[in-house]
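So this block is structure_39.cif, mmCIF, C-alpha atoms:
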data_input
#
loop_
_atom_site.label_atom_id
_atom_site.label_comp_id
_atom_site.auth_asym_id
_atom_site.auth_seq_id
_atom_site.Cartn_x
_atom_site.Cartn_y
_atom_site.Cartn_z
CA MET A 1 95.48 75.59 92.48
CA ALA A 2 97.76 78.19 90.92
CA VAL A 3 96.46 80.10 87.89
CA MET A 4 98.33 79.52 84.63
CA LEU A 5 96.22 81.60 82.24
CA ASP A 6 94.26 84.72 83.13
CA VAL A 7 92.04 86.22 80.42
CA GLN A 8 90.56 89.62 81.26
CA SER A 9 87.80 91.28 79.19
CA LEU A 10 89.21 89.91 75.92
CA LYS A 11 87.74 91.32 72.71
CA LYS A 12 88.35 90.45 69.08
CA TYR A 13 86.51 92.48 66.44
CA PHE A 14 86.68 92.26 62.67
CA LYS A 15 85.92 95.18 60.38
CA ASN A 16 83.83 94.48 57.29
CA PRO A 17 81.79 96.56 54.83
CA MET A 18 78.62 96.01 56.88
CA GLY A 19 80.14 97.16 60.18
CA THR A 20 82.15 95.62 63.01
CA LEU A 21 81.84 91.92 63.74
CA HIS A 22 82.06 91.23 67.49
CA ALA A 23 83.55 87.73 67.30
CA VAL A 24 84.78 87.70 70.92
CA ASP A 25 83.25 90.32 73.19
CA ASP A 26 84.41 90.87 76.77
CA VAL A 27 85.37 87.29 77.70
CA SER A 28 87.10 86.66 81.03
CA PHE A 29 88.22 83.43 82.73
CA THR A 30 91.15 81.78 84.51
CA LEU A 31 92.69 78.36 83.92
CA GLU A 32 94.70 76.47 86.52
CA TYR A 33 97.71 74.23 85.93
CA GLY A 34 96.76 70.72 84.84
CA ASN A 35 93.07 71.58 84.34
CA THR A 36 90.80 71.60 81.31
CA LEU A 37 88.39 74.38 80.42
CA GLY A 38 85.71 73.19 77.99
CA VAL A 39 84.32 75.89 75.69
CA VAL A 40 80.99 75.04 74.06
CA GLY A 41 78.37 76.74 71.93
CA GLU A 42 76.86 76.76 68.47
CA SER A 43 78.95 77.27 65.33
CA GLY A 44 79.87 80.94 65.01
CA CYS A 45 79.76 81.71 68.73
CA GLY A 46 83.46 82.67 68.83
CA LYS A 47 84.99 79.53 70.37
CA THR A 48 87.75 79.07 67.80
CA THR A 49 88.42 82.80 67.51
CA LEU A 50 88.86 82.97 71.29
CA GLY A 51 91.47 80.20 71.23
CA ARG A 52 93.39 81.68 68.32
CA THR A 53 93.37 85.13 69.88
CA ILE A 54 94.81 83.75 73.13
CA LEU A 55 97.58 82.09 71.10
CA HIS A 56 98.24 85.38 69.24
CA LEU A 57 97.36 83.84 65.89
CA LEU A 58 94.92 86.76 65.77
CA ASP A 59 95.60 90.24 67.14
CA ILE A 60 93.78 91.31 70.30
CA THR A 61 91.35 94.20 69.89
CA GLU A 62 91.00 94.93 73.62
CA GLY A 63 91.59 93.22 76.94
CA LYS A 64 94.45 91.68 78.87
CA LEU A 65 96.20 88.30 78.80
CA PHE A 66 98.42 86.94 81.55
CA PHE A 67 100.37 83.68 81.31
CA GLU A 68 102.09 82.43 84.46
CA GLY A 69 101.66 85.89 85.95
CA LYS A 70 103.32 87.67 83.01
CA ASP A 71 101.45 90.14 80.80
CA ILE A 72 101.44 88.67 77.27
CA THR A 73 98.84 91.01 75.78
CA ALA A 74 101.29 92.56 73.32
CA PRO A 75 104.43 90.39 73.22
CA THR A 76 107.52 91.33 71.24
CA LYS A 77 108.69 89.04 68.46
CA LYS A 78 111.25 87.49 70.80
CA GLU A 79 108.69 87.01 73.59
CA LEU A 80 106.25 85.46 71.11
CA ALA A 81 108.87 82.91 70.03
CA VAL A 82 109.19 81.82 73.68
CA LEU A 83 105.39 81.72 74.07
CA ARG A 84 105.13 79.40 71.06
CA GLU A 85 107.01 76.79 73.10
CA ASP A 86 104.61 77.06 76.03
CA MET A 87 101.32 77.46 74.12
CA GLN A 88 100.32 75.16 71.26
CA LEU A 89 97.29 74.26 69.11
CA ILE A 90 95.68 71.00 68.03
CA PHE A 91 93.64 71.65 64.89
CA GLN A 92 90.13 70.46 64.13
CA ASP A 93 90.80 68.82 60.77
CA PRO A 94 93.52 66.16 61.08
CA TYR A 95 94.04 66.13 57.31
CA SER A 96 94.13 69.74 56.07
CA SER A 97 96.31 70.77 59.05
CA LEU A 98 99.10 68.42 57.90
CA ASP A 99 101.48 69.16 55.02
CA PRO A 100 100.75 66.45 52.41
CA ARG A 101 104.29 66.79 51.01
CA LYS A 102 105.95 65.77 54.27
CA SER A 103 106.23 62.40 55.95
CA VAL A 104 105.03 61.73 59.49
CA SER A 105 108.49 62.16 60.99
CA GLU A 106 109.13 65.38 59.01
CA ILE A 107 105.84 66.89 60.22
CA ILE A 108 106.57 66.09 63.88
CA MET A 109 110.17 67.29 63.73
CA GLU A 110 109.37 70.63 62.05
CA PRO A 111 108.82 72.59 65.33
CA LEU A 112 112.08 71.18 66.70
CA VAL A 113 113.99 72.14 63.54
CA ILE A 114 112.57 75.70 63.70
CA GLN A 115 113.44 75.92 67.40
CA GLY A 116 117.03 75.05 66.55
CA LYS A 117 118.12 73.81 69.98
CA LEU A 118 118.76 70.12 69.18
CA SER A 119 121.10 68.32 66.83
CA ARG A 120 119.70 66.34 63.92
CA ALA A 121 120.35 63.07 65.76
CA ASP A 122 118.65 64.32 68.93
CA ILE A 123 115.67 65.51 66.88
CA ARG A 124 115.22 62.04 65.37
CA THR A 125 115.39 60.50 68.84
CA GLU A 126 112.81 63.01 70.11
CA VAL A 127 110.50 62.28 67.15
CA ALA A 128 110.68 58.54 67.86
CA GLN A 129 109.77 59.19 71.51
CA LEU A 130 106.86 61.46 70.53
CA MET A 131 105.50 58.86 68.10
CA ASP A 132 105.65 56.25 70.85
CA THR A 133 103.99 58.64 73.33
CA VAL A 134 100.96 59.25 71.10
CA GLY A 135 100.66 55.62 69.95
CA LEU A 136 102.07 55.87 66.42
CA ALA A 137 104.00 52.78 65.38
CA GLU A 138 107.57 53.29 64.16
CA ARG A 139 106.65 51.82 60.76
CA PHE A 140 104.63 54.98 59.97
CA GLU A 141 107.57 57.40 60.23
CA ASN A 142 108.02 57.56 56.45
CA SER A 143 104.31 57.44 55.62
CA TYR A 144 102.38 60.44 54.32
CA PRO A 145 99.11 61.82 55.76
CA HIS A 146 96.96 60.55 52.87
CA GLU A 147 98.10 56.99 53.64
CA LEU A 148 96.73 57.07 57.20
CA ASP A 149 93.27 57.11 58.76
CA GLY A 150 91.80 60.04 60.69
CA GLY A 151 92.78 58.77 64.11
CA ARG A 152 96.45 58.35 63.17
CA ARG A 153 96.47 61.75 61.47
CA GLN A 154 95.20 63.37 64.65
CA ARG A 155 97.88 61.56 66.64
CA ILE A 156 100.41 63.23 64.33
CA GLY A 157 98.85 66.60 65.15
CA ILE A 158 99.02 65.86 68.87
CA ALA A 159 102.66 64.76 68.63
CA ARG A 160 103.52 67.95 66.75
CA ALA A 161 101.78 70.04 69.42
CA LEU A 162 103.77 68.23 72.14
CA ALA A 163 107.14 68.55 70.39
CA LEU A 164 108.19 71.75 72.20
CA LYS A 165 106.90 70.48 75.58
CA PRO A 166 104.14 73.11 76.02
CA LYS A 167 102.26 73.85 79.22
CA PHE A 168 99.00 74.97 77.60
CA ILE A 169 97.23 73.59 74.51
CA VAL A 170 94.17 74.90 72.71
CA CYS A 171 92.30 71.87 71.38
CA ASP A 172 90.09 73.15 68.56
CA GLU A 173 87.41 70.45 68.20
CA PRO A 174 90.14 67.78 67.91
CA VAL A 175 87.74 64.82 67.66
CA SER A 176 84.78 66.25 65.74
CA ALA A 177 86.04 64.90 62.39
CA LEU A 178 86.62 61.38 63.75
CA ASP A 179 84.44 58.28 64.13
CA VAL A 180 82.97 57.77 67.60
CA SER A 181 85.22 54.81 68.47
CA ILE A 182 88.31 56.76 67.39
CA GLN A 183 87.08 59.80 69.35
CA ALA A 184 87.22 57.78 72.56
CA GLN A 185 90.79 56.67 71.84
CA ILE A 186 91.98 60.23 71.19
CA ILE A 187 90.19 61.64 74.25
CA ASN A 188 91.70 58.96 76.49
CA LEU A 189 95.12 59.64 74.99
CA MET A 190 94.76 63.36 75.73
CA LEU A 191 93.74 62.64 79.32
CA ASP A 192 96.73 60.33 79.80
CA LEU A 193 99.07 62.96 78.35
CA GLN A 194 97.57 65.63 80.57
CA GLU A 195 98.18 63.58 83.70
CA GLU A 196 101.68 62.59 82.63
CA MET A 197 102.83 66.04 81.44
CA LYS A 198 100.66 68.27 83.70
CA LEU A 199 99.15 70.00 80.66
CA ALA A 200 96.38 72.58 80.76
CA TYR A 201 93.80 72.37 77.96
CA MET A 202 91.28 74.75 76.52
CA PHE A 203 88.99 72.22 74.85
CA VAL A 204 86.79 73.79 72.17
CA THR A 205 83.85 71.66 71.04
CA HIS A 206 80.15 71.56 70.27
CA ASP A 207 79.79 68.02 71.65
CA LEU A 208 78.46 68.30 75.19
CA SER A 209 78.97 64.61 75.98
CA VAL A 210 82.67 64.87 75.16
CA VAL A 211 83.18 68.13 77.04
CA LYS A 212 81.64 66.73 80.22
CA TYR A 213 84.02 63.77 80.15
CA ILE A 214 87.22 65.76 79.69
CA SER A 215 86.61 69.13 81.40
CA ASN A 216 87.05 70.42 84.92
CA ASP A 217 85.11 73.60 84.10
CA ILE A 218 82.81 74.43 81.20
CA MET A 219 82.20 77.83 79.63
CA VAL A 220 79.14 78.28 77.42
CA MET A 221 79.46 80.97 74.74
CA TYR A 222 76.77 82.66 72.70
CA LEU A 223 77.55 85.16 69.92
CA GLY A 224 80.95 86.08 71.28
CA GLN A 225 79.99 86.37 74.94
CA VAL A 226 80.03 84.09 77.98
CA ALA A 227 76.52 82.93 78.87
CA GLU A 228 77.51 80.64 81.73
CA LYS A 229 80.62 79.13 83.34
CA ALA A 230 80.72 76.49 86.06
CA PRO A 231 82.44 73.28 87.17
CA SER A 232 81.54 70.45 84.79
CA ASP A 233 79.29 68.46 87.13
CA GLU A 234 77.62 71.59 88.46
CA LEU A 235 76.76 72.84 84.95
CA PHE A 236 75.12 69.55 83.97
CA GLU A 237 73.25 69.14 87.25
CA ASN A 238 72.18 72.76 87.71
CA PRO A 239 72.19 74.78 84.45
CA ILE A 240 71.06 78.36 85.06
CA HIS A 241 71.08 80.23 81.75
CA PRO A 242 68.14 79.49 79.38
CA TYR A 243 70.61 78.88 76.53
CA THR A 244 72.54 76.31 78.57
CA LYS A 245 69.29 74.58 79.49
CA ALA A 246 68.34 74.36 75.80
CA LEU A 247 71.75 72.96 74.83
CA LEU A 248 71.66 70.28 77.53
CA SER A 249 68.13 69.28 76.60
CA ALA A 250 69.40 68.37 73.11
CA ILE A 251 71.80 65.68 74.38
CA PRO A 252 70.46 62.26 73.29
CA GLU A 253 69.23 60.10 76.17
CA PRO A 254 70.59 56.51 75.93
CA ASP A 255 67.73 55.10 78.03
CA ILE A 256 64.58 55.00 75.84
CA ASN A 257 62.42 54.75 78.97
CA ASN A 258 63.84 57.95 80.40
CA LYS A 259 62.47 60.63 78.11
CA LYS A 260 63.35 64.23 78.85
CA LYS A 261 61.69 67.39 77.68
CA ARG A 262 63.42 69.00 74.73
CA ILE A 263 63.64 72.80 74.81
CA ILE A 264 63.20 74.12 71.27
CA MET A 265 64.72 77.55 70.69
CA GLN A 266 62.54 79.86 68.63
CA GLY A 267 63.46 82.83 66.46
CA GLU A 268 66.65 83.61 64.58
CA LEU A 269 70.16 84.44 65.65
CA SER A 270 70.89 88.09 66.36
CA SER A 271 73.55 89.64 64.15
CA PRO A 272 77.04 89.80 65.69
CA ILE A 273 77.72 92.87 63.55
CA ASP A 274 77.41 96.01 65.69
CA PRO A 275 75.09 94.24 68.18
CA LYS A 276 72.74 96.29 70.32
CA PRO A 277 73.24 96.45 74.10
CA GLY A 278 71.43 93.80 76.07
CA CYS A 279 71.20 90.02 76.07
CA ARG A 280 72.08 88.56 72.67
CA PHE A 281 70.00 85.47 73.37
CA MET A 282 66.90 87.56 74.05
CA VAL A 283 65.26 87.09 70.63
CA ARG A 284 65.32 83.29 71.09
CA CYS A 285 64.55 83.18 74.81
CA GLN A 286 61.07 82.26 76.04
CA TYR A 287 61.70 84.16 79.29
CA ALA A 288 62.76 87.47 77.69
CA ALA A 289 61.47 90.66 79.35
CA GLU A 290 62.04 94.40 79.11
CA GLU A 291 65.09 94.36 81.43
CA CYS A 292 66.86 92.03 79.01
CA ASN A 293 67.45 95.06 76.76
CA GLU A 294 69.94 96.37 79.33
CA ALA A 295 73.61 95.37 79.29
CA GLN A 296 74.06 92.01 81.03
CA ILE A 297 76.53 91.55 83.88
CA ILE A 298 78.09 88.19 84.72
CA GLU A 299 77.16 87.27 88.29
CA GLU A 300 78.42 84.52 90.56
CA CYS A 301 75.20 82.72 91.51
CA SER A 302 77.01 80.09 93.61
CA PRO A 303 80.70 79.40 94.32
CA GLY A 304 82.46 79.04 90.96
CA HIS A 305 79.19 79.23 89.01
CA PHE A 306 78.81 82.36 86.85
CA VAL A 307 75.86 83.36 84.68
CA SER A 308 75.08 86.31 82.40
CA CYS A 309 71.31 86.66 82.79
CA CYS A 310 69.50 89.41 84.67
CA ARG A 311 66.43 87.17 85.15
CA TYR A 312 68.08 83.93 86.24
CA LYS A 313 66.57 84.04 89.73
CA GLN A 314 63.01 84.49 88.45
CA ILE A 315 63.49 81.89 85.70
CA ASN A 316 64.81 79.22 88.05
CA ASN A 317 62.02 79.91 90.54
CA MET A 318 59.52 79.14 87.76
CA ASN A 319 61.03 75.68 87.14
#
How would this structure read if it were set down as structure tokens?
Amino acid sequence: MAVMLDVQSLKKYFKNPMGTLHAVDDVSFTLEYGNTLGVVGESGCGKTTLGRTILHLLDITEGKLFFEGKDITAPTKKELAVLREDMQLIFQDPYSSLDPRKSVSEIIMEPLVIQGKLSRADIRTEVAQLMDTVGLAERFENSYPHELDGGRRQRIGIARALALKPKFIVCDEPVSALDVSIQAQIINLMLDLQEEMKLAYMFVTHDLSVVKYISNDIMVMYLGQVAEKAPSDELFENPIHPYTKALLSAIPEPDINNKKKRIIMQGELSSPIDPKPGCRFMVRCQYAAEECNEAQIIEECSPGHFVSCCRYKQINNMN
């Protein structure tokens, strides 16, 4: 399939009094039209920062970004306005991301009003269609966010993200604040919309069960770097990196008779501020050795399966 988004050695650093925080450090991947890339990892691993940097909500420190073959690393103000139509964001919190002073219809129409291409009557027609698309009843058009439950609030956020007919959406943990039953409804809605509108998603989450269900490929991040990336089924069936193995071992097993061995990570997180060269997972890895102090290179261990671990061959021969 054709590549929509090409991220090359992307870096996002933040200066602070203690040094330089390496929030996103040399991340590369491609995303095809109509596909979903799941991005997983612990809190603070750089998942959200990566998404916001791609959308230019945060400035890029280093690296290159290409969207539909065009370099968008440093867009002009005019180019950024066009990009906003093609690249959108669904926020994690379906309450704080909505303006409490505006009604449902006013929230959804805001991007269309700012865009300024449609008449007021056409905007109202478009809002009604968007509400129907995401499963919001017409009777809620004059309601306010505080009057609705979490699932309906997130549907408002999805409708707002779809208003400008984007091609790529960063979904920043869009179901983590919802009840499990509502999560399933929202995920199924997003899958239906993806098929209908040929959307590409970057789905940021810490829930491995959800990411397996929705993703074509999964990228595991650890302290700003890519630990492993592979097709969804391949990652779950054949995890290579010790960190990925530990994450997958923590997924609850629904069958009480099928107990699996839990891998408990030891030690403390390394500091992302001015990190030393070498594997950042080393201090928590039971397989760490002297060569782990060297800079790690992402290798393709099988077609489409990439891992950043200099000892992955020895480790997987042990198991």
Set the distance at 8 Å and use all atoms listed in the file: which residues neighbour A:Phe67 once local chain neighbours fewer than 5 positions away are removed? I'd like the list as a PyMOL selection string. chain A and resi 4-6+72
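Here the question is which of A:Lys260, A:Ser28, A:Val7, A:Glu106 gets nearest to A:Asp71 using all atoms listed in the file, and that residue is A:Val7.
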I'd like the residues picked by the PyMOL selection byres ((chain A and resi 208) around 9) written out as a short mmCIF file (atom, residue, chain, number, x, y, z; two decimals) with C-alpha atoms, keeping the file's coordinate frame, using the chain letters and numbers from the file.
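Below is the file part.cif, written as the result:
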data_model
loop_
_atom_site.label_atom_id
_atom_site.label_comp_id
_atom_site.auth_asym_id
_atom_site.auth_seq_id
_atom_site.Cartn_x
_atom_site.Cartn_y
_atom_site.Cartn_z
CA VAL A 40 80.99 75.04 74.06
CA THR A 205 83.85 71.66 71.04
CA HIS A 206 80.15 71.56 70.27
CA ASP A 207 79.79 68.02 71.65
CA SER A 209 78.97 64.61 75.98
CA VAL A 210 82.67 64.87 75.16
CA VAL A 211 83.18 68.13 77.04
CA LYS A 212 81.64 66.73 80.22
CA TYR A 213 84.02 63.77 80.15
CA LEU A 247 71.75 72.96 74.83
CA LEU A 248 71.66 70.28 77.53
CA ILE A 251 71.80 65.68 74.38
#
Polymer residues at most 12 Å from A:Asp132, only C-alpha atoms, same-chain spacing of 5 or more positions, as a ChimeraX atom specification: /A:105,125-127,137-141,155-156,158-159,189
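Distances to A:Gly157 were evaluated for A:Tyr201, A:Tyr287, A:Tyr144, A:Phe91 using all atoms listed in the file, and the minimum falls at A:Phe91.
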